[in-house]
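Next comes upload-v3.txt, with compact mmCIF, C-alpha atoms.
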```
# COMPACT_ATOMS: atom_id res chain seq x y z
CA MET A 206 65.73 -0.79 -19.49
CA ASN A 207 63.88 1.28 -16.95
CA ASN A 208 60.34 -0.12 -17.01
CA ALA A 209 59.14 1.58 -13.83
CA PRO A 210 57.28 4.42 -15.61
CA VAL A 211 55.39 1.95 -17.79
CA ARG A 212 54.47 -0.22 -14.82
CA ASN A 213 53.41 2.80 -12.81
CA GLY A 214 51.42 4.09 -15.78
CA VAL A 215 49.75 0.73 -16.25
CA SER A 216 49.12 0.42 -12.53
CA THR A 217 47.60 3.88 -12.42
CA ALA A 218 45.42 3.16 -15.44
CA LEU A 219 44.30 -0.19 -14.02
CA ALA A 220 43.58 1.41 -10.66
CA ALA A 221 41.47 4.09 -12.36
CA ILE A 222 39.55 1.49 -14.39
CA LEU A 223 39.04 -0.63 -11.29
CA ALA A 224 37.79 2.39 -9.31
CA VAL A 225 35.25 3.25 -12.03
CA PHE A 226 34.16 -0.40 -12.24
CA MET A 227 33.71 -0.69 -8.47
CA ALA A 228 31.71 2.55 -8.32
CA THR A 229 29.47 1.30 -11.12
CA VAL A 230 28.98 -2.08 -9.47
CA SER A 231 28.25 -0.43 -6.13
CA CYS A 232 25.57 1.82 -7.62
CA THR A 233 24.12 -1.04 -9.65
CA GLN A 234 23.97 -3.32 -6.61
CA LYS A 235 22.13 -0.74 -4.53
CA LYS A 236 19.55 -0.33 -7.24
CA SER A 237 19.25 -4.02 -8.08
CA ASN A 238 18.81 -5.10 -4.46
CA TRP A 239 15.56 -3.13 -4.40
CA ASP A 240 14.38 -3.50 -8.00
CA GLU A 241 15.55 -6.97 -9.00
CA ASN A 242 15.16 -8.64 -5.61
CA PRO A 243 11.54 -7.96 -4.70
CA GLN A 244 11.82 -9.95 -1.49
CA SER A 245 14.35 -10.35 1.25
CA PHE A 246 13.05 -11.68 4.53
CA PHE A 247 14.42 -11.19 8.03
CA LYS A 248 15.66 -14.49 9.42
CA PRO A 249 15.35 -14.48 13.22
CA THR A 250 17.71 -16.40 15.46
CA ASP A 251 16.63 -18.13 18.69
CA ALA A 252 17.79 -15.02 20.59
CA ASP A 253 15.28 -12.92 18.59
CA LEU A 254 12.29 -15.02 19.69
CA MET A 255 10.00 -14.91 22.70
CA ASP A 256 6.66 -16.32 23.79
CA ASP A 257 3.71 -13.97 23.45
CA VAL A 258 1.72 -14.42 26.66
CA ASP A 259 -1.43 -13.01 25.03
CA THR A 260 -1.59 -15.62 22.26
CA GLY A 261 0.73 -18.43 23.34
CA LEU A 262 2.60 -18.08 20.05
CA GLN A 263 6.29 -17.56 19.53
CA ILE A 264 7.02 -14.13 18.05
CA VAL A 265 10.02 -12.05 17.04
CA LYS A 266 10.44 -9.75 20.02
CA ASP A 267 11.34 -6.50 18.27
CA VAL A 268 10.17 -6.91 14.65
CA ILE A 269 6.68 -6.24 13.28
CA SER A 270 5.13 -6.80 9.87
CA VAL A 271 3.77 -3.68 8.19
CA SER A 272 1.63 -3.74 5.06
CA PHE A 273 1.35 -0.58 2.95
CA ASP A 274 -1.21 0.55 0.40
CA PRO A 275 0.05 -0.62 -3.04
CA ARG A 276 0.21 2.98 -4.28
CA THR A 277 2.77 3.96 -1.62
CA ASP A 278 6.22 4.75 -3.06
CA GLU A 279 9.46 3.68 -1.39
CA GLU A 280 10.35 7.23 -0.31
CA THR A 281 7.09 7.51 1.63
CA ILE A 282 7.56 4.04 3.14
CA ASN A 283 11.06 4.98 4.31
CA LYS A 284 9.79 8.28 5.80
CA ILE A 285 7.00 6.52 7.69
CA VAL A 286 9.36 3.86 9.07
CA SER A 287 11.92 6.52 10.04
CA SER A 288 9.24 8.61 11.77
CA VAL A 289 8.87 5.84 14.38
CA ASN A 290 12.63 5.09 14.56
CA GLY A 291 12.24 1.75 12.82
CA GLU A 292 14.56 -0.09 10.48
CA ILE A 293 13.39 -2.13 7.50
CA VAL A 294 15.00 -5.55 7.90
CA GLY A 295 12.92 -7.51 5.39
CA TYR A 296 10.36 -7.02 2.67
CA ASP A 297 8.24 -8.56 -0.07
CA LYS A 298 7.47 -5.78 -2.52
CA SER A 299 5.01 -7.90 -4.49
CA VAL A 300 2.54 -7.68 -1.59
CA ASN A 301 3.81 -4.41 -0.03
CA LEU A 302 4.87 -6.21 3.16
CA TYR A 303 7.78 -4.91 5.22
CA GLN A 304 9.44 -6.27 8.35
CA VAL A 305 10.41 -3.39 10.63
CA ARG A 306 12.74 -3.71 13.62
CA PHE A 307 12.64 -1.57 16.75
CA LYS A 308 15.87 -2.58 18.43
CA GLY A 309 15.71 -2.54 22.22
CA LYS A 310 11.96 -1.82 22.46
CA ASP A 311 9.68 -3.96 24.62
CA LEU A 312 6.28 -5.29 23.51
CA PRO A 313 4.14 -2.53 25.08
CA ALA A 314 6.27 0.12 23.34
CA ILE A 315 6.08 -1.75 20.05
CA ASP A 316 2.30 -2.09 20.40
CA ASP A 317 2.11 1.70 20.86
CA ILE A 318 4.20 2.14 17.70
CA ARG A 319 1.88 -0.22 15.80
CA LYS A 320 -1.14 1.84 16.88
CA LYS A 321 0.63 5.06 15.91
CA LEU A 322 1.52 3.70 12.46
CA LEU A 323 -2.10 2.75 11.85
CA SER A 324 -3.69 5.89 13.24
CA GLU A 325 -1.34 8.48 11.74
CA ASN A 326 -0.54 7.05 8.31
CA LYS A 327 -3.30 6.34 5.81
CA GLN A 328 -0.79 4.35 3.72
CA VAL A 329 -0.39 1.72 6.48
CA GLU A 330 -2.98 -1.02 6.03
CA ALA A 331 -1.77 -3.39 8.77
CA ALA A 332 0.88 -3.52 11.49
CA THR A 333 1.14 -6.84 13.34
CA ARG A 334 3.45 -8.74 15.63
CA MET A 335 5.58 -11.20 13.69
CA SER A 336 4.54 -14.72 14.66
CA VAL A 337 6.89 -17.60 13.87
CA SER A 338 4.84 -20.49 15.25
CA VAL A 339 1.40 -21.98 14.97
CA HIS A 340 -0.76 -22.65 17.98
CA LYS A 341 -1.03 -26.37 18.74
CA ASN A 342 -4.80 -26.20 18.89
CA PRO A 343 -6.11 -24.89 15.54
CA TYR A 344 -9.45 -24.00 17.16
CA TYR A 345 -7.79 -21.89 19.85
CA VAL A 346 -9.48 -18.51 20.29
CA LYS A 347 -8.62 -16.23 23.15
```
Encoded form using structure tokens:
Amino acid sequence: MNNAPVRNGVSTALAAILAVFMATVSCTQKKSNWDENPQSFFKPTDADLMDDVDTGLQIVKDVISVSFDPRTDEETINKIVSSVNGEIVGYDKSVNLYQVRFKGKDLPAIDDIRKKLLSENKQVEAATRMSVSVHKNPYYVK
């Protein structure tokens, strides 16, 4: 009538199966987030926004958009972003567009980083401030 060994054996077997399943799901999710979800955009909050005095537009204060040459692999993209202490917070792989955050940096520092990305990395095609508004006057040119 002692069922403890069977229960423990079943529990151990179920725990082992569950551990293998979770490891498989974890690895699959990491791969699928990149491969099966070609876009995942950063969604700024009001606290992330500021007015750009140069353009009059509202921008995300510490995130820029970076466009890479289509032939650039993800390892190279990650190395380039890491070289300037950035963090990829959004992307659209179909157009090689990445949103890169520089937490705690001010606009002049981020502008220097943008220039560095463009001047030192032939794979970087564009690096721009991330605008989230449209100027009220469509003919506005400064």
Computed interatomic separation between CA of Leu262 in chain A and CA of Val294 in chain A (Å)
21.4 Å
Might I get the box with edges along x, y and z of the file that holds all atoms of range 250-263 of chain A listed there, padded by 6 Å on every side, given as centre and edge lengths in Å to one decimal, as lines of an AutoDock Vina configuration file?
```
center_x = 8.1
center_y = -15.7
center_z = 21.1
size_x = 31.4
size_y = 17.5
size_z = 23.2
```
Would you mind listing what lies within 10 Å of Ser272 in chain A as a list in words, with all atoms listed in the file counted and same-chain residues fewer than 6 positions away left out?
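My reading of the contact set: Ile282, Tyr296, Asp297, Lys298, Val300, Asn301, Leu302, Tyr303, Gln304, Gln328, Val329, Glu330, Ala331, Ala332 and Thr333 of chain A.
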Pick out the residues sitting within 10 Å of range 268-270 of chain A, and hand them over as a ChimeraX atom specification; count all atoms listed in the file, and ignore anything fewer than 3 positions along from it in its own chain.
/A:247,249,253-254,264-265,291-296,302-308,310,312,315-316,318-319,331-336
Which of A:Val286, A:Lys266, A:Val258, A:Ser299 sits closest to Gln244 in chain A [using only C-alpha atoms]
A:Ser299
If I take CA of Gly261 in chain A and CA of Gly309 in chain A, how far is one from the other in Å, to one decimal?
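Rounded to one decimal, the two atoms are 21.9 Å apart.
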Compile a residue-level contact table for range 251-315 of chain A against range 320-325 of chain A at a cut-off of 10 Å, reporting for every qualifying residue the shortest atom pair and its distance in Å to one decimal, with only C-alpha atoms counted, rows ordered by chain and ascending number, as CSV.
```
residue,atom,partner,partner_atom,distance
A:Val271,CA,A:Leu322,CA,8.8
A:Ile285,CA,A:Leu322,CA,7.8
A:Val286,CA,A:Leu322,CA,8.5
A:Ser288,CA,A:Leu322,CA,9.2
A:Val289,CA,A:Leu322,CA,7.9
A:Ala314,CA,A:Lys320,CA,10.0
A:Ile315,CA,A:Lys320,CA,8.7
```
CA of Asn283 in chain A and CA of Gln263 in chain A, how far apart in Å?
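Going from CA of Gln263 in chain A over to CA of Asn283 in chain A, I get 27.6 Å.
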